[in-house]
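Inspection log for the structure reproduced underneath, given as structure tokens.
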Amino acid sequence: METELQLPGINIASLKEAPIHTSSQIQSHGVLLVLEEPELRILQVSSNTWNILGIYPENILQTKLEDLLDSFQIERIKTGLAEGNLDFVNPTKIWVRTKGDNYVVFDAVFHRNAEGFLILELEPAISQESIPFLSFYHLARASINQLGTTANFQEFCQIIVEEVRKVTGFDRVMLYKFDHDGHGCVVAEEKIPGLESYLGLHYPESDIPKPARKLFISNSIRLIPDASAQPVQIFPVNNPISERPIDLTNSILRSAAACHLEYLHNMDVGASLTISLIKDQKLWGLIACHHQTPKYVAYELRKACEFLGRVIFSEIAGREETADYGYRISLSHIQSTLIDFMSQEENFVDGLVKNQPNLLDLTSAQGAAVCFGEQCTVIGETPKEEDLLYLLQWLTNNVKEEVFYTDSLPSIYPDAERFKNVASGLLAIPISKHNYVLWFRPEVIQTVNWGGNPNRAFEVSQSDGNVRLCPRKSFELWKETVRLTSLPWQYVEINAALELRKAIINIVLRQAEELAQLAQDLERSNAELKKFAYVASHDLQEPLNQVANYVQLLEMRYEEKLDADAKEFINFAVEGVSLMQTLIDDVLAYSKVDMQAIAFQLTGVETALNRALSNLRGRIAESGALITHDTLPTVMADGTQLMQLFQNLIANAIKFRSDKPLKIHVGAERLEDEWLFSVRDNGIGLDPRFSDRIFVIFQRLHTRDEYPGTGMGLAICKKIIECHRGRIWVESQLGEGAAFYFTIPVGGRERERRNGRKTQNHLFG
Ligand code: BLA
């Protein structure tokens, strides 16, 4: 949102990220002592000891804590410090004697910092006793009882701010939630009537810089009782042992950065209490309390608020995701229906788009596309195919995750601005390299309310060579119109997409397995066929020859004794034997057309045709056929099989000629990525009803008496073309001649057909 300021010679980023934990300044209402263990020697002290303890800082330095406190207290403290966990000591009430016989009571809080120094912080105790009615237990129980009566996330947030305001009495208590881009929004608010509401207002990322967020992870509660009080310096600034400013990360008195104090002043805030809400080790949000005037909150009460915030928050954090429980259930129902549909279809994509519910329902998208191989199946409102292809390319290059989503595609992929009306939002799941399921959402123009103009979140102020950032003066409502964004994808929708991804991968894998199984089966049946052909050609041949020989012998030896009938029977037997012989030869020829055995090479189609014509020259001469052809190309094919193909088709044309002088024409035409060939005759033609049957092995349309042959010729043609990954068909009418068409892919069989199922093979390639 923010436009980064550019000023020569000034590094804004480093100003924004200036460290705040080593400022060596504390808030003036307390005293801080840096101690060296074990003798508790005072190494550093805040310079306000005169005001609070009536002792000058230089008189305290290098003395021991026991010089300041009576021996009874020291004993207690030392015992406490010996415990592993300082939470048992904190806070300890201690009495320090000031001028004369006056005693001041403090809440003393100890912690050891990252450098190993013991830090003691003293805050004036506002009541001598700990707040009796405010046991953490009661506080938490009352609130949690309330939680039981509501399931709504928004109401949970409201309960937190109400409870915190009840126990602290701040003028305004807000629940501030961070967005993923670092800016935040007030999601719940409880305040005194006169104040204007901040509910629903957004604040830019720079209002709470990274170092402040980082501190909140380890130190989850911060009180600034008087935002206009002058900070107090720690003395000496450098620790005498480490020779560096002391690390105040977990200090409770550390003074807020000047910039933030100015921010509070500009917001008319006199005191603030801030509690961090952590989820999955990340800062989820803050409970931010404001008071118009200075306000002190005792350590114990602060802790109670922290505890309360945490307990309630741990309760709601889980519910944030399950907030739309009903929606989640309905999505998971849609999801299982889709999986069911997918498994019923031959091509799983059909299962995603053909029925109700479909892909769109799974994520409440207005458009979706399933892109597999070169094929994109779309449903609803989507970018044009060309735009889709570029988008896919971009995704392939830029997305490595299992799921990708954005509600503002144009901001990361500028070309998307052209199709913002259909795809300002994109949710994508890669199934494998280059294969995606995509969902789209159109642009929805939204208004975001900001607390002050976020483009002028701060100013750079330069005086006396000193450069610093100043927060904006005005927090007045600033409305921003947000374009080029869609409604955001919800957690449950993204999850549903991820689940679908798993299901698709399973199905694709299973189909790949099935294909492999199919190929295996095919190979087995091919092998069986070959075995059969072998048996046929050798084992059947023997007895067949035997029959033929003995029948002939019978005819020769007993010629005189046989009557006309007997001779005719013998003739039938001989004819049967010779037909059987042809059948065996044809089956053998069929089985020899074998994918594995094909020798693909650049083959001149005209050469193959001429060889076929030469083989058929006897029949051609006899029939007086006139055979012509177009200019024929060179293709990737097996020359012998191509010859066989022409031979069978032309023999077929000769066989089924009519009374007219026979004309046969061989045509060739280049289509997009294949060659289309035709063999056209003016013979008897066939009934189009039978145009599929004629390619089936041993199928005949005529009796053997009318037209001799086994019915294998066209089956062989079909097998040859299938081995070349082409198609073969016939177009004809009875009495009108026939045209046989076949195609051969330009790139040979390597080029798969453009057909959904085939392209899945690319998946694992
Ligand atoms: C700190 N800024 C903060 C904090 C809050 C905000 C809650 C933590 C307060 C704390 O530590 O006590 C901002 N407060 C808000 C917002 C709301 C609110 C957004 O109530 C909304 C209702 N801040 C700026 C600029 C800078 C800056 C320009 O606006 C300069 C870089 C700095 N903010 C800044 C720093 C801190 C801070 C440095 C940490 C203060 C500290 O702990 O030292």
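We label chains A, B, ... in the order they appear in the structure tokens, count residues from 1 in each chain, and number ligands from 1 in the order shown.
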With only C-alpha atoms counted and 12 Å as the cut-off, give the residues of region 42-99 of chain A in contact with region 115-126 of chain A, each with its shortest interatomic distance in Å and the pair that gives it, as a Markdown table.
| residue | atom | partner | partner_atom | distance |
| --- | --- | --- | --- | --- |
| A:Ile42 | CA | A:Ile119 | CA | 9.6 |
| A:Leu43 | CA | A:Phe117 | CA | 9.4 |
| A:Gln44 | CA | A:Ile119 | CA | 9.5 |
| A:Val45 | CA | A:Leu120 | CA | 9.6 |
| A:Ser46 | CA | A:Glu121 | CA | 9.8 |
| A:Asn48 | CA | A:Leu122 | CA | 11.7 |
| A:Thr49 | CA | A:Leu122 | CA | 10.6 |
| A:Ile52 | CA | A:Pro124 | CA | 8.9 |
| A:Leu53 | CA | A:Leu122 | CA | 10.4 |
| A:Leu65 | CA | A:Leu120 | CA | 10.0 |
| A:Ile77 | CA | A:Leu120 | CA | 10.9 |
| A:Leu81 | CA | A:Leu118 | CA | 9.7 |
| A:Leu86 | CA | A:Leu118 | CA | 10.8 |
| A:Val89 | CA | A:Leu120 | CA | 11.4 |
| A:Asn90 | CA | A:Leu120 | CA | 10.3 |
| A:Pro91 | CA | A:Leu122 | CA | 9.5 |
| A:Thr92 | CA | A:Leu122 | CA | 9.5 |
| A:Lys93 | CA | A:Ala125 | CA | 7.7 |
| A:Ile94 | CA | A:Leu122 | CA | 8.7 |
| A:Trp95 | CA | A:Ala125 | CA | 9.9 |
| A:Val96 | CA | A:Leu122 | CA | 10.2 |
The selected residues should be written to file as a compact mmCIF listing (two decimals), in the first residue's frame (atoms: C-alpha atoms).
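Result file selection-v8.txt:
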# COMPACT_ATOMS: atom_id res chain seq x y z
CA ILE A 42 25.16 -2.53 40.93
CA LEU A 43 26.77 -1.91 37.53
CA GLN A 44 24.32 0.56 36.02
CA VAL A 45 21.36 2.50 37.31
CA SER A 46 18.70 4.77 35.87
CA ASN A 48 16.22 9.18 38.29
CA THR A 49 17.19 7.61 41.65
CA ILE A 52 12.40 8.26 43.47
CA LEU A 53 14.78 6.90 46.11
CA LEU A 65 22.05 -4.41 46.53
CA ILE A 77 15.55 -12.18 47.12
CA LEU A 81 17.02 -15.91 42.57
CA LEU A 86 12.16 -16.10 38.15
CA VAL A 89 9.92 -14.16 42.60
CA ASN A 90 8.07 -11.74 40.37
CA PRO A 91 6.78 -9.43 41.51
CA THR A 92 8.30 -9.06 44.96
CA LYS A 93 7.19 -6.26 47.19
CA ILE A 94 10.22 -4.43 48.54
CA TRP A 95 10.62 -1.40 50.82
CA VAL A 96 13.33 1.11 50.27
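If you count only C-alpha atoms and ignore residues fewer than 6 places along the chain from Ala188 (chain A), what sits within 6 Å of it is Cys157, Gln158, Met174 and Leu175 of chain A.
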TODO: Can you pull out every residue within 6 Å of Phe178 (chain A), counting only C-alpha atoms, but drop anything in the same chain fewer than 3 positions away, and send it as a list in words?
DONE: Gly182, His183, Gly184, Trp284 and Gly285 of chain A
Task: Test item, strand (DSSP E or B) assignment across region 469-597 of chain A, answer as number ranges by chain - done: A: 469-471, 477-482
Task: Test item, alpha helix (DSSP H) assignment across region 360-603 of chain A, answer as a VMD selection string - done: chain A and resid 360 to 363 385 to 398 409 to 412 420 to 423 491 to 535 541 to 557 564 to 592
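Using only C-alpha atoms, the residues found no farther than 7 Å from region 641-646 of chain A, other than those of its own chain fewer than 5 positions away, are Ala608, Leu609, Arg611, Ala612, Cys717 and Ile720 of chain A.
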Those residues you just picked out, can you put them in a file as a PDB file, in the first residue's frame with C-alpha atoms?
ATOM      1  CA  ALA A 608       5.607 -47.557 -51.933  1.00  0.00           C
ATOM      2  CA  LEU A 609       2.654 -47.119 -54.329  1.00  0.00           C
ATOM      3  CA  ARG A 611       5.925 -51.293 -55.600  1.00  0.00           C
ATOM      4  CA  ALA A 612       2.323 -52.187 -54.803  1.00  0.00           C
ATOM      5  CA  CYS A 717      -4.723 -52.063 -43.471  1.00  0.00           C
ATOM      6  CA  ILE A 720      -0.842 -50.884 -40.304  1.00  0.00           C
TER       7      ILE A 720
END
TODO: Find, counting only C-alpha atoms, the residue in A:Gly169, A:Pro245, A:Pro661, A:Gly200 that gets nearest to Thr447 (chain A).
DONE: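 Under the stated criterion, the closest residue is A:Gly200.
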Open item on the list: Report, in Å with one decimal, the straight-line distance from CA of Glu385 (chain A) to CA of Gln366 (chain A).
Closed with: 16.2 Å
Task: Shell around region 532-543 of chain A at 7 Å using only C-alpha atoms, local window under 6 positions removed, as number ranges by chain - done: A: 584, 587-588, 591
What does the file look like for those residues with N, CA, C and O atoms, as a short mmCIF file (atom, residue, chain, number, x, y, z; two decimals), in the first residue's frame?
data_model
loop_
_atom_site.label_atom_id
_atom_site.label_comp_id
_atom_site.auth_asym_id
_atom_site.auth_seq_id
_atom_site.Cartn_x
_atom_site.Cartn_y
_atom_site.Cartn_z
N ILE A 584 -4.48 -69.12 -43.64
CA ILE A 584 -3.28 -69.22 -42.81
C ILE A 584 -2.27 -68.14 -43.23
O ILE A 584 -1.69 -67.44 -42.39
N VAL A 587 -3.52 -64.69 -41.93
CA VAL A 587 -3.34 -64.52 -40.49
C VAL A 587 -1.88 -64.25 -40.20
O VAL A 587 -1.52 -63.38 -39.39
N LEU A 588 -1.03 -64.95 -40.90
CA LEU A 588 0.40 -64.76 -40.72
C LEU A 588 0.78 -63.32 -41.09
O LEU A 588 1.50 -62.64 -40.36
N SER A 591 -0.44 -60.93 -38.41
CA SER A 591 0.35 -60.95 -37.18
C SER A 591 1.72 -60.32 -37.37
O SER A 591 2.34 -59.90 -36.41
#
